[in-house]
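S.K.: My questions will all concern the structure given below.
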2 protein chains.
Amino acid sequence: MHDEIIRLMFQLAIILAAAKIGGEIAERFLKIPSVLGELAAGILIGPFALGSIDIWNYGPMFPIDHSLGSHSIPVSQSMWSIAQVGSVILLFGAGLETDLRQFLRYAKPALVVAIGGVILPFALGSSITVLFGFADGFSDPKALFMGTILTATSIGISVRILGDMRVLDTPEGITTLAAAVVDDILGILILTVVIGIHLTGGFSASTVGIVALKTVGFWLVLTGLGLFLSKHISKFFDRFRVSGAALALSLALAFLAAALAESFGLAMIIGAFSIGLALSGTPLAHRLDDPLRGVYNALVPVFFVVMGMMVDVTELGDVWVFGLVVSALAAVGKIAGSGLPSLMFRFSRAESWRIGVGMMPRGEVALIMGGVAFGQGLIGQDLFSVCIIMTIITTLLAPLILVRSFKKKST
Amino acid sequence: MHDEIIRLMFQLAIILAAAKIGGEIAERFLKIPSVLGELAAGILIGPFALGSIDIWNYGPMFPIDHSLGSHSIPVSQSMWSIAQVGSVILLFGAGLETDLRQFLRYAKPALVVAIGGVILPFALGSSITVLFGFADGFSDPKALFMGTILTATSIGISVRILGDMRVLDTPEGITTLAAAVVDDILGILILTVVIGIHLTGGFSASTVGIVALKTVGFWLVLTGLGLFLSKHISKFFDRFRVSGAALALSLALAFLAAALAESFGLAMIIGAFSIGLALSGTPLAHRLDDPLRGVYNALVPVFFVVMGMMVDVTELGDVWVFGLVVSALAAVGKIAGSGLPSLMFRFSRAESWRIGVGMMPRGEVALIMGGVAFGQGLIGQDLFSVCIIMTIITTLLAPLILVRSFKKKST
């Protein structure tokens, strides 16, 4: 335990320094979003690259923890925990910054955009897997899984980009954000069903219904309760005189929502976002601006560097052709699947394009889903590598296109 | 791993809420420092009290991790790591807030105060252990250990109290802080020697010399290097344009110093404090004021609540008489041992009293030392319980007296 703490401190020092150096190089010299620099820094210093080099009598700085029996998480439990705390803070902050009225105003287009962004990628992903012979037919869990993984949307990446560009509150920003939340919920539902089919050889309609009801119901209850109580919460926290109480108590609420969401089969980040959104209209939200920024700047980069670390570049192997095709379909699927419905809601072509591109990155969601499927034997090393390729390409490409698409507006 | 993350999020939510509720009750209703409320909250919700209650089909919220084979750390690895990060931030912040010139001006009295605060408690602690029959003689490692544990000073507790009262920069505040750092170094040296005697049945002068040289040498090199480079570091960090760079890079430096200190046999918090002190005179220090406060308010309470959790109130058993006597000697030893030398340096009686009391709390240092000695079989359950009693009493009593002693000044 003692040695582990020393290693953790070294790792944190390296991760934070690498995040800011990578971010600086990306933003200043490459003119690309700093989050890409953080991701690249993670790949570079991670357990599959520099991090595996032996340091005199110390061993590698970022050893792979084989005890977990899964390829999805190559960092220590403690580092993973700190990264998760970072992701909760990222989404809680995004929720707080969102204009709730605007959010509700765009709920309808967001829902349609989300559904489009699920159906088309799912169809494309499962079809191509059958076509390339990686699955026996459309009912093969492998085909279903590859469809599912293409429905994922990395809410973290999009939020970070939109936030850094300060366009989180534009109509297309809000629509993207809301649709990404819904897509995450739909993706989790579909994954549960596919794993159920894989494990039991079938999945009854009633089981599907129960899972869906539980997940969607919990989300609605959490968000509704948050909204209903938000003013009381804000007032209650306001009564504390002890220093830092508003921040600590708000974070406590965010962690609680995250834990509850994960307990009910949702992702932690959805819980954190919902509670942030619920509090966004209160006086508390403004008071949190400054203190939350410090926590954000200290912990969110850790999350993105650790995400980069999860990418095993050595395992891309011989499936790169299929990987590139899947990546192309993943991009087209979201841009068309989410972009075209946007046109129906009077978004301009430029705005619809931004929404489609904003939904493109698969990020940590696809990696986590792939890890679960790989760990349960649903897919093998080959398809897991395809997931990695697809994640890298969509996650790196989307911000590049997104930044350009918003810059056009201003010129 | 999945379940562990859910549990961690629940725990973080509970810890942060308990910290602020406990702190509020302490400060507003009991008129005592909020840190005492955080410690008490930790004891109350910890694995030896409420935290052990089974929650429906979930088990206890704060289960004791028996796999570690030590009584000193009853929380999970992840929670312990987050608490340690909190302690590093606490001491880094204290270093940053300290006026370096003043610090150096009071280096001489601090050294004498520290030596007095080591010799007298050591003599009292080992004598009473022999007198009560818990050790066979003065050369018995048990007697030596009980002497050692009384030399410890919890730099964390004193810093928090002095900081909360905004008297960290008074002559007596600086002297206490500097003497506490030296005491921690001396205490670690003595502990190393005592454990060496226990394990080998003797300890050569050359080995003692090497340990002392390595430890003190490292500290001087770290602090000296930090001071020498501080202006360049400040300028270098200033060049980054990416948001939050100054905070993240400074924290990276603090974690690096902490890891290096621990690698060289010192405590992490000493490394973090030294690097903060080195940077305290630079423009960077001022720019860190605001962003660091957020991180501080989010993570430092976690450290103090987890410290409270380490106190096993159920294990105090039948040694409470000896425990009370040791606690009394621990109080007298520091107040006299550190207070009397202060008088020699033209501190007034009131100021000397404050210095002595400020050196009194043993806090996490004694608990960690006790855990190490217990884990290595040097002491048994009985003396470990005595360590706990002594820690609780000195840690709770010192702030109470300290706050009063400073209030007298203003009236």
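To be explicit about the labels: the chains of the structure tokens are called A, B, and onward in the order shown, and within each one the residues are counted from 1, while ligands get numbers from 1 in the order they are shown.
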Up to 6 Å from chain B, what residues of chain A turn up? Count only C-alpha atoms and give them as a list in words.
M.R.: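 That gives the following set of residues: Ile6, Met9, Phe10, Ala13, Leu16, Ala17, Lys20, Glu24, Ser78, Val242, Gly244, Ala245, Ala248, Leu249, Ala252, Phe255, Leu256, Ala259, Pro291, Leu292, Gly294, Val295, Asn297 and Ala298 of chain A.
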S.K.: Skip Glu172 in chain B itself and residues of its chain fewer than 6 positions away, then list as a count of residues only all residues within 12 Å of it, counting only C-alpha atoms.
M.R.: 35
S.K.: For CA of Leu50 in chain B and CA of Phe62 in chain B, quote the distance in Å rounded to one decimal.
M.R.: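 Rounded to one decimal, the two atoms are 8.5 Å apart.
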S.K.: Which polymer residues have any atom within 10 Å of an atom of Ala143 in chain A, counting only C-alpha atoms, with same-chain residues fewer than 3 positions away left out, as number ranges by chain?
M.R.: A: 122-123, 125-131, 133-140, 146-148, 194, 379
S.K.: Which of range 7-239 of chain B counts as helix (DSSP H, G or I) under DSSP, as a PyMOL selection string please?
M.R.: chain B and resi 7-29+34-45+50-52+56-58+66-68+77-97+100-105+107-131+141-151+155-164+171-200+205-238
S.K.: Of the residues B:Gly317, B:Gly363, B:Gly224, B:Gly116, which is the one nearest to Ser385 in chain B, using only C-alpha atoms?
M.R.: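 The shortest atom-to-atom distance to Ser385 in chain B comes from B:Gly317.
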S.K.: Would you compute the distance between CA of Ile64 in chain A and CA of Gly42 in chain A? Give it in Å to one decimal.
M.R.: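 Interatomic distance here is 14.1 Å.
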S.K.: Identify, on the basis of only C-alpha atoms, every residue whose closest approach to Thr394 in chain B does not exceed 7 Å; exclude the query and any residue fewer than 4 positions from it along the same chain; express the result as number ranges by chain.
M.R.: B: 327, 331, 360-362, 390, 398
S.K.: Keeping only N, CA and C atoms, write those residues as a PDB file, in the first residue's frame.
M.R.:
ATOM      1  N   SER B 327      -1.322  10.257  27.572  1.00  0.00           N
ATOM      2  CA  SER B 327      -1.854  11.456  26.918  1.00  0.00           C
ATOM      3  C   SER B 327      -1.444  12.717  27.681  1.00  0.00           C
ATOM      4  N   ALA B 331       0.920  15.729  26.323  1.00  0.00           N
ATOM      5  CA  ALA B 331       0.575  17.149  26.325  1.00  0.00           C
ATOM      6  C   ALA B 331       1.667  17.954  27.028  1.00  0.00           C
ATOM      7  N   MET B 360       1.354  20.175  20.026  1.00  0.00           N
ATOM      8  CA  MET B 360       0.779  19.070  20.794  1.00  0.00           C
ATOM      9  C   MET B 360       0.087  17.986  19.983  1.00  0.00           C
ATOM     10  N   PRO B 361      -0.713  18.316  18.954  1.00  0.00           N
ATOM     11  CA  PRO B 361      -1.502  17.255  18.314  1.00  0.00           C
ATOM     12  C   PRO B 361      -0.607  16.223  17.610  1.00  0.00           C
ATOM     13  N   ARG B 362      -0.933  14.958  17.781  1.00  0.00           N
ATOM     14  CA  ARG B 362      -0.154  13.893  17.142  1.00  0.00           C
ATOM     15  C   ARG B 362      -0.796  13.426  15.842  1.00  0.00           C
ATOM     16  N   MET B 390      -4.049   8.384  22.970  1.00  0.00           N
ATOM     17  CA  MET B 390      -3.162   9.554  23.017  1.00  0.00           C
ATOM     18  C   MET B 390      -3.413  10.471  21.809  1.00  0.00           C
ATOM     19  N   ALA B 398      -5.666  20.049  21.680  1.00  0.00           N
ATOM     20  CA  ALA B 398      -4.783  21.132  21.238  1.00  0.00           C
ATOM     21  C   ALA B 398      -5.533  22.267  20.538  1.00  0.00           C
TER      22      ALA B 398
END
